[in-house]
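Source file data.txt; content: compact mmCIF, C-alpha atoms and all ligand atoms.
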# COMPACT_ATOMS: atom_id res chain seq x y z
CA VAL I 1 16.13 107.29 -39.41
CA ASP I 2 19.17 108.61 -37.60
CA ILE I 3 19.35 107.78 -33.90
CA SER I 4 19.77 111.45 -33.01
CA GLU I 5 16.26 112.07 -34.39
CA VAL I 6 14.55 109.73 -31.92
CA GLY I 7 17.01 110.07 -29.02
CA GLU I 8 18.11 107.43 -26.54
CA PHE I 9 14.71 107.13 -24.88
CA GLY I 10 12.86 107.08 -28.17
CA LEU I 11 15.09 104.24 -29.33
CA ILE I 12 14.61 102.33 -26.07
CA ASP I 13 10.83 102.59 -26.49
CA ARG I 14 11.08 101.13 -29.97
CA LEU I 15 13.30 98.27 -28.82
CA ARG I 16 11.08 97.50 -25.86
CA ALA I 17 8.14 97.11 -28.23
CA ILE I 18 10.12 94.51 -30.18
CA LEU I 19 11.40 92.60 -27.17
CA GLY I 20 7.97 92.00 -25.65
CA GLU I 21 6.14 92.17 -22.35
CA ALA I 22 7.18 90.74 -19.00
CA PRO I 23 5.06 87.83 -17.76
CA GLU I 24 3.11 88.06 -14.52
CA GLY I 25 5.50 88.37 -11.59
CA GLU I 26 8.40 89.93 -13.53
CA VAL I 27 9.31 93.52 -14.39
CA TRP I 28 11.54 94.06 -17.41
CA SER I 29 13.00 97.18 -19.00
CA GLY I 30 11.61 100.45 -17.64
CA ASP I 31 12.63 100.42 -14.00
CA ASP I 32 16.07 100.63 -12.39
CA SER I 33 16.55 96.87 -12.48
CA ALA I 34 14.63 94.00 -13.98
CA VAL I 35 12.72 91.82 -11.53
CA LEU I 36 12.92 88.12 -12.36
CA ARG I 37 11.59 84.86 -11.01
CA ALA I 38 14.34 82.43 -10.18
CA PRO I 39 14.44 78.86 -8.92
CA ALA I 40 15.79 78.29 -5.43
CA GLY I 41 19.43 77.27 -5.22
CA THR I 42 22.04 78.04 -7.84
CA ILE I 43 21.83 79.98 -11.10
CA LEU I 44 24.14 80.23 -14.10
CA LEU I 45 25.44 83.60 -15.30
CA THR I 46 27.57 84.23 -18.38
CA SER I 47 28.49 87.09 -20.68
CA ASP I 48 29.89 87.48 -24.15
CA MET I 49 30.86 90.58 -26.08
CA LEU I 50 30.87 91.07 -29.85
CA ILE I 51 32.93 93.98 -31.18
CA GLU I 52 32.84 95.33 -34.70
CA GLY I 53 36.11 94.68 -36.50
CA VAL I 54 37.09 91.98 -34.02
CA HIS I 55 34.16 89.56 -33.96
CA PHE I 56 32.08 90.72 -36.89
CA ASP I 57 32.17 92.76 -40.06
CA LEU I 58 29.04 94.50 -41.34
CA GLU I 59 30.14 93.76 -44.89
CA LEU I 60 29.52 90.07 -44.19
CA THR I 61 26.65 90.04 -41.70
CA GLY I 62 23.34 91.79 -41.28
CA PRO I 63 21.72 93.04 -38.07
CA ALA I 64 19.14 90.27 -37.65
CA ASP I 65 21.78 87.53 -37.93
CA LEU I 66 24.07 89.43 -35.61
CA GLY I 67 21.33 89.81 -33.02
CA TYR I 68 20.49 86.12 -33.28
CA LYS I 69 24.12 85.13 -32.90
CA SER I 70 24.73 87.42 -29.93
CA MET I 71 22.04 85.49 -28.04
CA ALA I 72 23.02 82.08 -29.40
CA VAL I 73 26.64 82.29 -28.23
CA ASN I 74 25.53 83.07 -24.69
CA MET I 75 22.91 80.32 -24.74
CA SER I 76 25.60 77.93 -25.89
CA ASP I 77 27.64 78.70 -22.78
CA VAL I 78 24.63 78.03 -20.55
CA ALA I 79 23.84 74.80 -22.41
CA ALA I 80 27.46 73.72 -21.96
CA MET I 81 26.81 73.66 -18.19
CA SER I 82 23.68 71.50 -18.77
CA GLY I 83 21.61 74.60 -18.05
CA THR I 84 18.59 76.23 -19.65
CA PRO I 85 19.04 79.85 -20.82
CA ARG I 86 16.39 82.16 -19.38
CA ARG I 87 16.99 85.91 -19.25
CA ALA I 88 19.48 88.33 -20.75
CA VAL I 89 20.47 91.97 -20.55
CA VAL I 90 22.06 93.64 -23.56
CA SER I 91 24.41 96.62 -23.65
CA LEU I 92 24.91 98.25 -27.02
CA GLY I 93 27.62 100.68 -28.05
CA LEU I 94 26.37 102.45 -31.18
CA ARG I 95 28.57 104.40 -33.54
CA SER I 96 27.60 107.16 -35.92
CA GLY I 97 26.10 105.95 -39.16
CA ILE I 98 23.98 103.29 -37.45
CA GLN I 99 20.30 103.83 -38.14
CA VAL I 100 17.34 103.21 -35.87
CA GLU I 101 16.06 100.52 -38.27
CA TRP I 102 19.37 98.67 -38.03
CA VAL I 103 19.14 98.52 -34.23
CA GLU I 104 15.51 97.38 -34.47
CA ASP I 105 16.53 94.54 -36.79
CA LEU I 106 19.30 93.59 -34.39
CA CYS I 107 16.71 93.31 -31.64
CA ARG I 108 14.37 91.32 -33.88
CA GLY I 109 17.17 88.80 -34.37
CA MET I 110 17.69 88.62 -30.60
CA LYS I 111 13.98 88.13 -30.07
CA GLU I 112 13.84 85.38 -32.68
CA CYS I 113 16.56 83.40 -30.94
CA CYS I 114 15.00 84.01 -27.53
CA ASP I 115 11.58 82.86 -28.74
CA GLU I 116 13.05 79.66 -30.13
CA PHE I 117 14.48 78.73 -26.75
CA ASP I 118 11.97 80.32 -24.40
CA ALA I 119 14.34 83.02 -23.16
CA ALA I 120 14.00 86.82 -23.11
CA VAL I 121 15.92 90.07 -23.16
CA VAL I 122 14.74 91.92 -20.08
CA GLY I 123 16.75 95.11 -20.17
CA GLY I 124 20.05 96.71 -20.99
CA ASP I 125 21.83 99.89 -21.82
CA LEU I 126 22.72 102.07 -24.81
CA SER I 127 25.69 104.28 -25.33
CA ARG I 128 27.44 106.17 -28.06
CA SER I 129 30.67 104.43 -29.07
CA ASP I 130 33.49 104.57 -31.65
CA CYS I 131 32.56 101.15 -33.01
CA LEU I 132 29.62 98.79 -32.61
CA VAL I 133 29.67 96.79 -29.39
CA ILE I 134 27.09 94.17 -28.46
CA SER I 135 27.53 92.92 -24.93
CA VAL I 136 25.13 90.30 -23.60
CA ALA I 137 24.87 88.86 -20.11
CA MET I 138 22.65 85.83 -19.69
CA LEU I 139 21.14 83.98 -16.77
CA GLY I 140 20.34 80.30 -16.94
CA ASN I 141 18.72 77.71 -14.74
CA PRO I 142 20.73 74.65 -13.91
CA ALA I 143 18.92 71.32 -13.96
CA GLY I 144 18.14 70.92 -10.28
CA ARG I 145 21.38 71.28 -8.38
CA ARG I 146 23.46 69.54 -10.97
CA VAL I 147 25.67 71.38 -13.44
CA THR I 148 28.15 69.82 -15.85
CA LEU I 149 31.63 71.29 -15.47
CA ARG I 150 34.73 71.06 -17.61
CA ARG I 151 36.55 69.38 -14.79
CA GLY I 152 34.61 66.11 -14.48
CA ALA I 153 36.19 63.96 -17.25
CA ARG I 154 37.56 60.58 -16.15
CA PRO I 155 39.84 58.10 -17.94
CA GLY I 156 37.65 55.69 -19.89
CA ASP I 157 34.99 58.28 -20.74
CA ALA I 158 33.86 58.43 -24.34
CA VAL I 159 34.54 61.86 -25.93
CA CYS I 160 31.59 63.02 -28.02
CA VAL I 161 30.58 66.00 -30.13
CA THR I 162 27.25 67.17 -31.47
CA GLY I 163 26.71 68.11 -35.11
CA THR I 164 29.48 68.75 -37.63
CA LEU I 165 32.77 70.50 -36.85
CA GLY I 166 34.27 73.24 -38.99
CA LYS I 167 31.05 74.47 -40.58
CA SER I 168 31.31 77.98 -39.18
CA ALA I 169 34.93 78.40 -40.22
CA ALA I 170 34.14 77.11 -43.70
CA GLY I 171 31.15 79.44 -43.94
CA TYR I 172 33.21 82.40 -42.82
CA ARG I 173 35.80 81.71 -45.50
CA LEU I 174 33.13 81.39 -48.16
CA LEU I 175 31.62 84.71 -47.11
CA ARG I 176 35.00 86.40 -47.14
CA ALA I 177 35.88 85.02 -50.54
CA GLY I 178 32.51 86.01 -51.96
CA ILE I 179 31.82 82.42 -53.04
CA LYS I 180 28.17 81.84 -53.88
CA GLU I 181 27.84 78.21 -52.79
CA GLY I 182 27.61 76.81 -49.29
CA ASP I 183 24.53 78.50 -47.83
CA ASP I 184 24.32 75.87 -45.11
CA LEU I 185 27.91 76.62 -44.04
CA LYS I 186 27.42 80.38 -44.16
CA ARG I 187 24.33 80.04 -42.06
CA ALA I 188 26.28 78.03 -39.48
CA HIS I 189 28.62 80.99 -39.18
CA LEU I 190 26.07 83.80 -39.22
CA ARG I 191 23.31 82.15 -37.20
CA PRO I 192 24.62 79.25 -35.13
CA THR I 193 22.07 77.08 -33.36
CA PRO I 194 22.86 76.80 -29.66
CA ARG I 195 22.57 73.17 -28.54
CA VAL I 196 20.10 73.96 -25.79
CA ARG I 197 17.68 71.11 -26.53
CA GLU I 198 20.49 68.61 -26.93
CA ALA I 199 21.91 69.63 -23.55
CA GLU I 200 18.51 69.29 -21.90
CA ILE I 201 18.20 65.67 -23.07
CA LEU I 202 21.83 64.85 -22.46
CA ARG I 203 21.86 66.05 -18.86
CA ARG I 204 19.46 63.27 -17.85
CA HIS I 205 22.24 60.85 -18.76
CA LEU I 206 24.78 62.56 -16.54
CA PRO I 207 27.74 63.46 -18.75
CA ASN I 208 30.90 63.76 -16.66
CA SER I 209 32.16 66.93 -18.31
CA MET I 210 31.21 69.33 -21.08
CA ILE I 211 32.33 72.45 -22.96
CA ASP I 212 30.93 74.25 -25.97
CA ILE I 213 33.16 74.63 -29.00
CA SER I 214 33.82 78.32 -29.45
CA ASP I 215 37.61 78.45 -29.88
CA GLY I 216 37.86 75.27 -31.99
CA PHE I 217 37.61 71.59 -31.12
CA ALA I 218 41.33 71.09 -30.37
CA ALA I 219 41.53 74.16 -28.15
CA ASP I 220 38.28 73.56 -26.32
CA LEU I 221 38.91 69.86 -25.73
CA GLY I 222 42.31 71.02 -24.47
CA HIS I 223 40.58 73.31 -21.96
CA LEU I 224 38.43 70.41 -20.81
CA CYS I 225 41.50 68.17 -20.40
CA ASP I 226 43.35 70.91 -18.50
CA SER I 227 40.45 71.34 -16.10
CA SER I 228 39.95 67.60 -15.63
CA GLU I 229 43.69 66.79 -15.46
CA VAL I 230 43.34 64.04 -18.03
CA GLY I 231 44.70 63.10 -21.45
CA VAL I 232 42.73 62.20 -24.55
CA ILE I 233 42.98 60.12 -27.71
CA VAL I 234 40.97 61.41 -30.65
CA ASP I 235 40.51 59.45 -33.88
CA ALA I 236 40.59 61.88 -36.83
CA ALA I 237 38.73 59.36 -38.99
CA LYS I 238 35.74 59.52 -36.66
CA MET I 239 35.43 63.29 -36.53
CA PRO I 240 32.27 64.65 -38.16
CA LEU I 241 33.73 66.85 -40.89
CA VAL I 242 32.32 69.25 -43.43
CA ASP I 243 32.21 68.20 -47.07
CA LEU I 244 34.32 70.87 -48.78
CA ALA I 245 34.19 69.32 -52.23
CA ASP I 246 34.49 71.91 -55.02
CA LEU I 247 34.24 74.90 -52.70
CA GLY I 248 37.78 75.98 -53.46
CA LEU I 249 38.95 76.58 -49.87
CA ASP I 250 42.64 76.30 -49.06
CA LYS I 251 42.17 74.48 -45.74
CA THR I 252 41.29 70.86 -45.19
CA ALA I 253 38.05 69.89 -43.50
CA LEU I 254 40.11 68.42 -40.65
CA ASP I 255 41.98 71.70 -40.10
CA LEU I 256 38.71 73.60 -40.05
CA ALA I 257 37.27 71.12 -37.57
CA LEU I 258 40.28 71.17 -35.25
CA ALA I 259 40.92 74.89 -35.28
CA GLY I 260 38.02 76.70 -36.90
CA GLY I 261 36.10 77.86 -33.88
CA GLU I 262 32.63 79.30 -33.47
CA ASP I 263 30.92 75.96 -34.11
CA TYR I 264 28.94 76.23 -30.87
CA GLU I 265 28.61 72.47 -30.81
CA LEU I 266 28.88 70.62 -27.51
CA CYS I 267 31.86 68.47 -26.64
CA PHE I 268 31.19 66.18 -23.69
CA THR I 269 32.56 63.10 -22.00
CA ILE I 270 30.42 60.31 -20.62
CA PRO I 271 31.14 56.87 -19.13
CA GLN I 272 30.95 54.13 -21.77
CA GLU I 273 28.01 52.42 -20.06
CA ARG I 274 25.83 55.52 -20.43
CA PHE I 275 26.98 56.44 -23.90
CA ASP I 276 24.61 54.45 -26.15
CA LYS I 277 21.40 55.45 -24.46
CA ALA I 278 22.42 59.11 -24.12
CA VAL I 279 23.34 59.42 -27.77
CA SER I 280 20.29 57.65 -29.13
CA GLU I 281 17.94 59.74 -27.01
CA VAL I 282 19.58 63.03 -27.99
CA GLU I 283 19.50 62.06 -31.66
CA LYS I 284 15.90 60.86 -31.49
CA ALA I 285 14.61 63.91 -29.63
CA THR I 286 16.51 66.60 -31.55
CA GLY I 287 17.62 65.15 -34.90
CA THR I 288 21.15 66.32 -34.10
CA THR I 289 23.84 63.70 -34.64
CA VAL I 290 26.21 62.89 -31.81
CA THR I 291 29.56 61.37 -32.70
CA ARG I 292 32.00 59.56 -30.50
CA VAL I 293 35.42 60.81 -31.54
CA GLY I 294 37.72 59.45 -28.87
CA GLU I 295 38.40 58.46 -25.31
CA ILE I 296 39.69 60.12 -22.17
CA VAL I 297 42.95 58.60 -20.87
CA GLU I 298 45.34 59.26 -18.01
CA GLN I 299 46.98 62.67 -18.13
CA ALA I 300 50.45 61.17 -18.50
CA ARG I 301 49.54 59.77 -21.92
CA GLY I 302 49.03 63.28 -23.26
CA ARG I 303 46.70 64.45 -25.99
CA ILE I 304 46.90 62.34 -29.11
CA LEU I 305 45.34 62.55 -32.55
CA LEU I 306 45.18 59.23 -34.40
CA ILE I 307 45.56 60.00 -38.07
CA GLU I 308 46.23 57.81 -41.11
CA GLY I 309 47.49 54.90 -39.07
CA GLY I 310 49.89 57.01 -36.99
CA GLU I 311 49.59 59.43 -34.13
CA GLN I 312 50.47 63.05 -33.61
CA PRO I 313 49.90 65.51 -30.78
CA LEU I 314 46.38 66.89 -30.70
CA GLU I 315 47.16 70.56 -30.94
CA VAL I 316 45.76 73.66 -32.49
CA PRO I 317 47.12 74.20 -35.99
CA GLY I 318 48.49 77.73 -36.45
CA TRP I 319 45.32 79.74 -36.41
CA ASP I 320 43.83 82.74 -34.77
CA HIS I 321 40.11 83.07 -35.32
CA LEU I 322 40.39 86.81 -34.90
CA ARG I 323 42.32 87.10 -38.14
CA VAL I 324 41.18 84.04 -40.12
MG MG C 1 32.08 78.30 -23.70
Is it possible to give me this structure as structure tokens?
Amino acid sequence: VDISEVGEFGLIDRLRAILGEAPEGEVWSGDDSAVLRAPAGTILLTSDMLIEGVHFDLELTGPADLGYKSMAVNMSDVAAMSGTPRRAVVSLGLRSGIQVEWVEDLCRGMKECCDEFDAAVVGGDLSRSDCLVISVAMLGNPAGRRVTLRRGARPGDAVCVTGTLGKSAAGYRLLRAGIKEGDDLKRAHLRPTPRVREAEILRRHLPNSMIDISDGFAADLGHLCDSSEVGVIVDAAKMPLVDLADLGLDKTALDLALAGGEDYELCFTIPQERFDKAVSEVEKATGTTVTRVGEIVEQARGRILLIEGGEQPLEVPGWDHLRV
């Protein structure tokens, strides 16, 4: 069904039916603003925009995955502050050729991700546009008054990451090349799991600093070091890498891990004395592995990658995830 047949308000009614009803005490889509319950004190607020041709390609992704991912990337940013994602508004720019059913599937994907993490889309906006635009703004609750910032890393902290690095970049390349294998990697690219549960366990153990890996491990750890005014030593041999055996990709697993981006794993630093307990509890509660890959050092020592018995600067290999 073409959108012009149902009109903007007809489409909104259909999407509202998918996105669900407000609980007692809240008012969602249908008035001039949503009315939400919020805890006293501080809140977290983030936004992320996905643009057709820049962040996604409809040849490679379907609407349900895209909807899921648009929520997941915002949740990942809230989790990276040790927060819990709660409510989102979504603005869609819709181009000609997009059908009502496509937009409904997009919203079903959003709803699926929200249901998994007890969040909700509570409103938004629709507009005609030259290309597809999916803009999400998300509110999150911090844990009490404590948030985990990028700027808290201290020399001596263990540097840790959740999950496996480079999966999304590997999956993207497999999709682009039309290679049949690697469903797990493709899924990591199309439908990343935000590390919300991991962050909720981890925050009890007071990590000193944290960032989610959206630009690539080397870049994002670099952001964390910039903010904290520290250096870092990372051991390449300890990094949790993808097994690329027989997949025929022209990048190494280490390159994909350092530079790939869009992993939406958490990278955090924590004092050594809290490391063991934090990691074992996150792993036990969530099944997600946590790997210690290095140590924070004084800023003057720089950013170092230990590799094959030598060292080299930890820097982003030539890569731009917009034109992989
Ligand atoms: Mg982030």
Environment of ligand MG 1 (chain C) within 8 Å, counting all atoms listed in the file, reported as a ChimeraX atom specification: /I:76-77,80,211-214
Minimum-distance residue to Lys180 in chain I, chosen among I:Ser127, I:Arg87, I:Arg150, I:Gly248 (using all atoms listed in the file): I:Gly248
Spatial neighbours of range 237-243 of chain I, max dist 6 Å, only C-alpha atoms, sep filter under 2 positions, as JSON, numbers by chain: {"I": [164, 165, 235, 245, 253, 293]}
Save out the residues we just selected, C-alpha atoms, as an mmCIF file, in the frame of the given file.
data_model
loop_
_atom_site.group_PDB
_atom_site.id
_atom_site.type_symbol
_atom_site.label_atom_id
_atom_site.label_comp_id
_atom_site.auth_asym_id
_atom_site.auth_seq_id
_atom_site.Cartn_x
_atom_site.Cartn_y
_atom_site.Cartn_z
ATOM 1 C CA THR I 164 29.480 68.750 -37.630
ATOM 2 C CA LEU I 165 32.770 70.500 -36.850
ATOM 3 C CA ASP I 235 40.510 59.450 -33.880
ATOM 4 C CA ALA I 245 34.190 69.320 -52.230
ATOM 5 C CA ALA I 253 38.050 69.890 -43.500
ATOM 6 C CA VAL I 293 35.420 60.810 -31.540
#
Could the residues of range 158-265 of chain I that have an atom at most 12 Å from range 285-289 of chain I be listed as a tab-separated table, each with its closest atom pair and the distance in Å to one decimal, counting all atoms listed in the file and ordered by chain and ascending residue number?
residue	atom	partner	partner_atom	distance
I:Cys160	CA	I:Thr289	CA	10.2
I:Val161	CA	I:Thr289	CA	8.4
I:Thr162	CA	I:Thr289	CA	5.8
I:Gly163	CA	I:Thr289	CA	5.3
I:Thr164	CA	I:Thr289	CA	8.1
I:Leu165	CA	I:Thr289	CA	11.4
I:Thr193	CA	I:Thr288	CA	10.8
I:Pro194	CA	I:Thr288	CA	11.5
I:Arg195	CA	I:Thr288	CA	8.9
I:Val196	CA	I:Thr286	CA	10.0
I:Arg197	CA	I:Thr286	CA	6.8
I:Glu198	CA	I:Thr286	CA	6.4
I:Ala199	CA	I:Thr286	CA	10.1
I:Glu200	CA	I:Ala285	CA	10.2
I:Ile201	CA	I:Ala285	CA	7.7
I:Leu202	CA	I:Ala285	CA	10.2
I:Met239	CA	I:Thr289	CA	11.8
I:Pro240	CA	I:Thr289	CA	9.2
I:Glu265	CA	I:Thr288	CA	10.2
CA of Asp31 in chain I to CA of Glu101 in chain I, straight-line distance in Å: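 Result for CA of Glu101 in chain I versus CA of Asp31 in chain I: 24.5 Å, one decimal.
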Shortest interatomic distance to Arg154 in chain I - which of I:Gly10, I:Pro207, I:Pro39, I:Gly83, counting only C-alpha atoms: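 Ranking I:Gly10, I:Pro207, I:Pro39, I:Gly83 by distance to Arg154 in chain I, first place goes to I:Pro207.
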Interatomic distance (Å, one decimal) between CA of Gly30 in chain I and CA of Gly62 in chain I: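 About the pair CA of Gly30 in chain I and CA of Gly62 in chain I: they are 27.8 Å apart.
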Report as lines of an AutoDock Vina configuration file the centre and the edge lengths, in Å to one decimal, of the axis-aligned box holding every listed atom of range 221-228 of chain I, padded by 8 Å on each side.
center_x = 40.9
center_y = 70.5
center_z = -20.7
size_x = 20.9
size_y = 21.7
size_z = 26.1
Residue contacts of Ala64 in chain I (8 Å, all atoms listed in the file) excluding same-chain residues fewer than 4 positions away, as a list in words: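 Residues near the query, excluding close chain neighbours: Tyr68, Asp105, Leu106, Cys107, Arg108, Gly109 and Met110 of chain I.
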Selection: 6 Å around Gln99 in chain I, only C-alpha atoms, excl. self and same-chain fewer than 5 positions, as a ChimeraX atom specification: /I:1-3
Selection: 9 Å around Leu132 in chain I, all atoms listed in the file, excl. self and same-chain fewer than 3 positions, as a list in words: Leu50, Ile51, Glu52, Gly53, Leu92, Gly93, Leu94, Arg95, Ile98, Arg128 and Ser129 of chain I
What would range 250-260 of chain I look like with all heavy atoms restored, written as a PDB file, in the frame of the given file?
ATOM      1  N   ASP I 250      41.252  76.768 -49.125  1.00  0.00           N
ATOM      2  CA  ASP I 250      42.640  76.300 -49.060  1.00  0.00           C
ATOM      3  C   ASP I 250      42.968  75.610 -47.735  1.00  0.00           C
ATOM      4  O   ASP I 250      44.122  75.410 -47.398  1.00  0.00           O
ATOM      5  CB  ASP I 250      43.589  77.480 -49.291  1.00  0.00           C
ATOM      6  CG  ASP I 250      43.427  78.556 -48.228  1.00  0.00           C
ATOM      7  OD1 ASP I 250      42.485  78.441 -47.413  1.00  0.00           O
ATOM      8  OD2 ASP I 250      44.226  79.506 -48.211  1.00  0.00           O
ATOM      9  N   LYS I 251      41.952  75.252 -46.972  1.00  0.00           N
ATOM     10  CA  LYS I 251      42.170  74.480 -45.740  1.00  0.00           C
ATOM     11  C   LYS I 251      41.480  73.140 -45.891  1.00  0.00           C
ATOM     12  O   LYS I 251      40.493  73.013 -46.617  1.00  0.00           O
ATOM     13  CB  LYS I 251      41.537  75.219 -44.547  1.00  0.00           C
ATOM     14  CG  LYS I 251      42.268  76.472 -44.130  1.00  0.00           C
ATOM     15  CD  LYS I 251      43.362  76.135 -43.150  1.00  0.00           C
ATOM     16  CE  LYS I 251      44.167  77.401 -42.835  1.00  0.00           C
ATOM     17  NZ  LYS I 251      45.325  77.102 -41.997  1.00  0.00           N
ATOM     18  N   THR I 252      41.978  72.149 -45.172  1.00  0.00           N
ATOM     19  CA  THR I 252      41.290  70.860 -45.190  1.00  0.00           C
ATOM     20  C   THR I 252      40.132  70.890 -44.195  1.00  0.00           C
ATOM     21  O   THR I 252      40.109  71.699 -43.246  1.00  0.00           O
ATOM     22  CB  THR I 252      42.234  69.718 -44.778  1.00  0.00           C
ATOM     23  OG1 THR I 252      42.593  69.912 -43.400  1.00  0.00           O
ATOM     24  CG2 THR I 252      43.490  69.707 -45.649  1.00  0.00           C
ATOM     25  N   ALA I 253      39.188  69.976 -44.417  1.00  0.00           N
ATOM     26  CA  ALA I 253      38.050  69.890 -43.500  1.00  0.00           C
ATOM     27  C   ALA I 253      38.530  69.560 -42.085  1.00  0.00           C
ATOM     28  O   ALA I 253      37.961  70.037 -41.107  1.00  0.00           O
ATOM     29  CB  ALA I 253      37.079  68.828 -44.000  1.00  0.00           C
ATOM     30  N   LEU I 254      39.599  68.768 -41.985  1.00  0.00           N
ATOM     31  CA  LEU I 254      40.110  68.420 -40.650  1.00  0.00           C
ATOM     32  C   LEU I 254      40.695  69.648 -39.954  1.00  0.00           C
ATOM     33  O   LEU I 254      40.449  69.872 -38.763  1.00  0.00           O
ATOM     34  CB  LEU I 254      41.167  67.308 -40.764  1.00  0.00           C
ATOM     35  CG  LEU I 254      41.755  66.842 -39.432  1.00  0.00           C
ATOM     36  CD1 LEU I 254      40.673  66.245 -38.532  1.00  0.00           C
ATOM     37  CD2 LEU I 254      42.885  65.840 -39.644  1.00  0.00           C
ATOM     38  N   ASP I 255      41.445  70.463 -40.694  1.00  0.00           N
ATOM     39  CA  ASP I 255      41.980  71.700 -40.100  1.00  0.00           C
ATOM     40  C   ASP I 255      40.857  72.613 -39.608  1.00  0.00           C
ATOM     41  O   ASP I 255      40.932  73.191 -38.526  1.00  0.00           O
ATOM     42  CB  ASP I 255      42.820  72.477 -41.120  1.00  0.00           C
ATOM     43  CG  ASP I 255      44.250  71.968 -41.173  1.00  0.00           C
ATOM     44  OD1 ASP I 255      44.631  71.184 -40.290  1.00  0.00           O
ATOM     45  OD2 ASP I 255      44.976  72.371 -42.106  1.00  0.00           O
ATOM     46  N   LEU I 256      39.836  72.737 -40.435  1.00  0.00           N
ATOM     47  CA  LEU I 256      38.710  73.600 -40.050  1.00  0.00           C
ATOM     48  C   LEU I 256      38.022  73.058 -38.800  1.00  0.00           C
ATOM     49  O   LEU I 256      37.612  73.811 -37.928  1.00  0.00           O
ATOM     50  CB  LEU I 256      37.703  73.721 -41.198  1.00  0.00           C
ATOM     51  CG  LEU I 256      38.197  74.457 -42.446  1.00  0.00           C
ATOM     52  CD1 LEU I 256      37.164  74.374 -43.555  1.00  0.00           C
ATOM     53  CD2 LEU I 256      38.505  75.924 -42.124  1.00  0.00           C
ATOM     54  N   ALA I 257      37.922  71.733 -38.721  1.00  0.00           N
ATOM     55  CA  ALA I 257      37.270  71.120 -37.570  1.00  0.00           C
ATOM     56  C   ALA I 257      38.101  71.284 -36.302  1.00  0.00           C
ATOM     57  O   ALA I 257      37.584  71.585 -35.231  1.00  0.00           O
ATOM     58  CB  ALA I 257      37.016  69.641 -37.835  1.00  0.00           C
ATOM     59  N   LEU I 258      39.412  71.109 -36.430  1.00  0.00           N
ATOM     60  CA  LEU I 258      40.280  71.170 -35.250  1.00  0.00           C
ATOM     61  C   LEU I 258      40.428  72.596 -34.740  1.00  0.00           C
ATOM     62  O   LEU I 258      40.480  72.847 -33.544  1.00  0.00           O
ATOM     63  CB  LEU I 258      41.671  70.627 -35.590  1.00  0.00           C
ATOM     64  CG  LEU I 258      41.778  69.114 -35.775  1.00  0.00           C
ATOM     65  CD1 LEU I 258      43.159  68.752 -36.312  1.00  0.00           C
ATOM     66  CD2 LEU I 258      41.525  68.397 -34.446  1.00  0.00           C
ATOM     67  N   ALA I 259      40.494  73.551 -35.670  1.00  0.00           N
ATOM     68  CA  ALA I 259      40.920  74.890 -35.280  1.00  0.00           C
ATOM     69  C   ALA I 259      39.922  75.986 -35.599  1.00  0.00           C
ATOM     70  O   ALA I 259      40.107  77.126 -35.198  1.00  0.00           O
ATOM     71  CB  ALA I 259      42.237  75.208 -35.979  1.00  0.00           C
ATOM     72  N   GLY I 260      38.865  75.650 -36.329  1.00  0.00           N
ATOM     73  CA  GLY I 260      38.020  76.700 -36.900  1.00  0.00           C
ATOM     74  C   GLY I 260      37.351  77.602 -35.896  1.00  0.00           C
ATOM     75  O   GLY I 260      37.335  78.808 -36.032  1.00  0.00           O
TER      76      GLY I 260
END
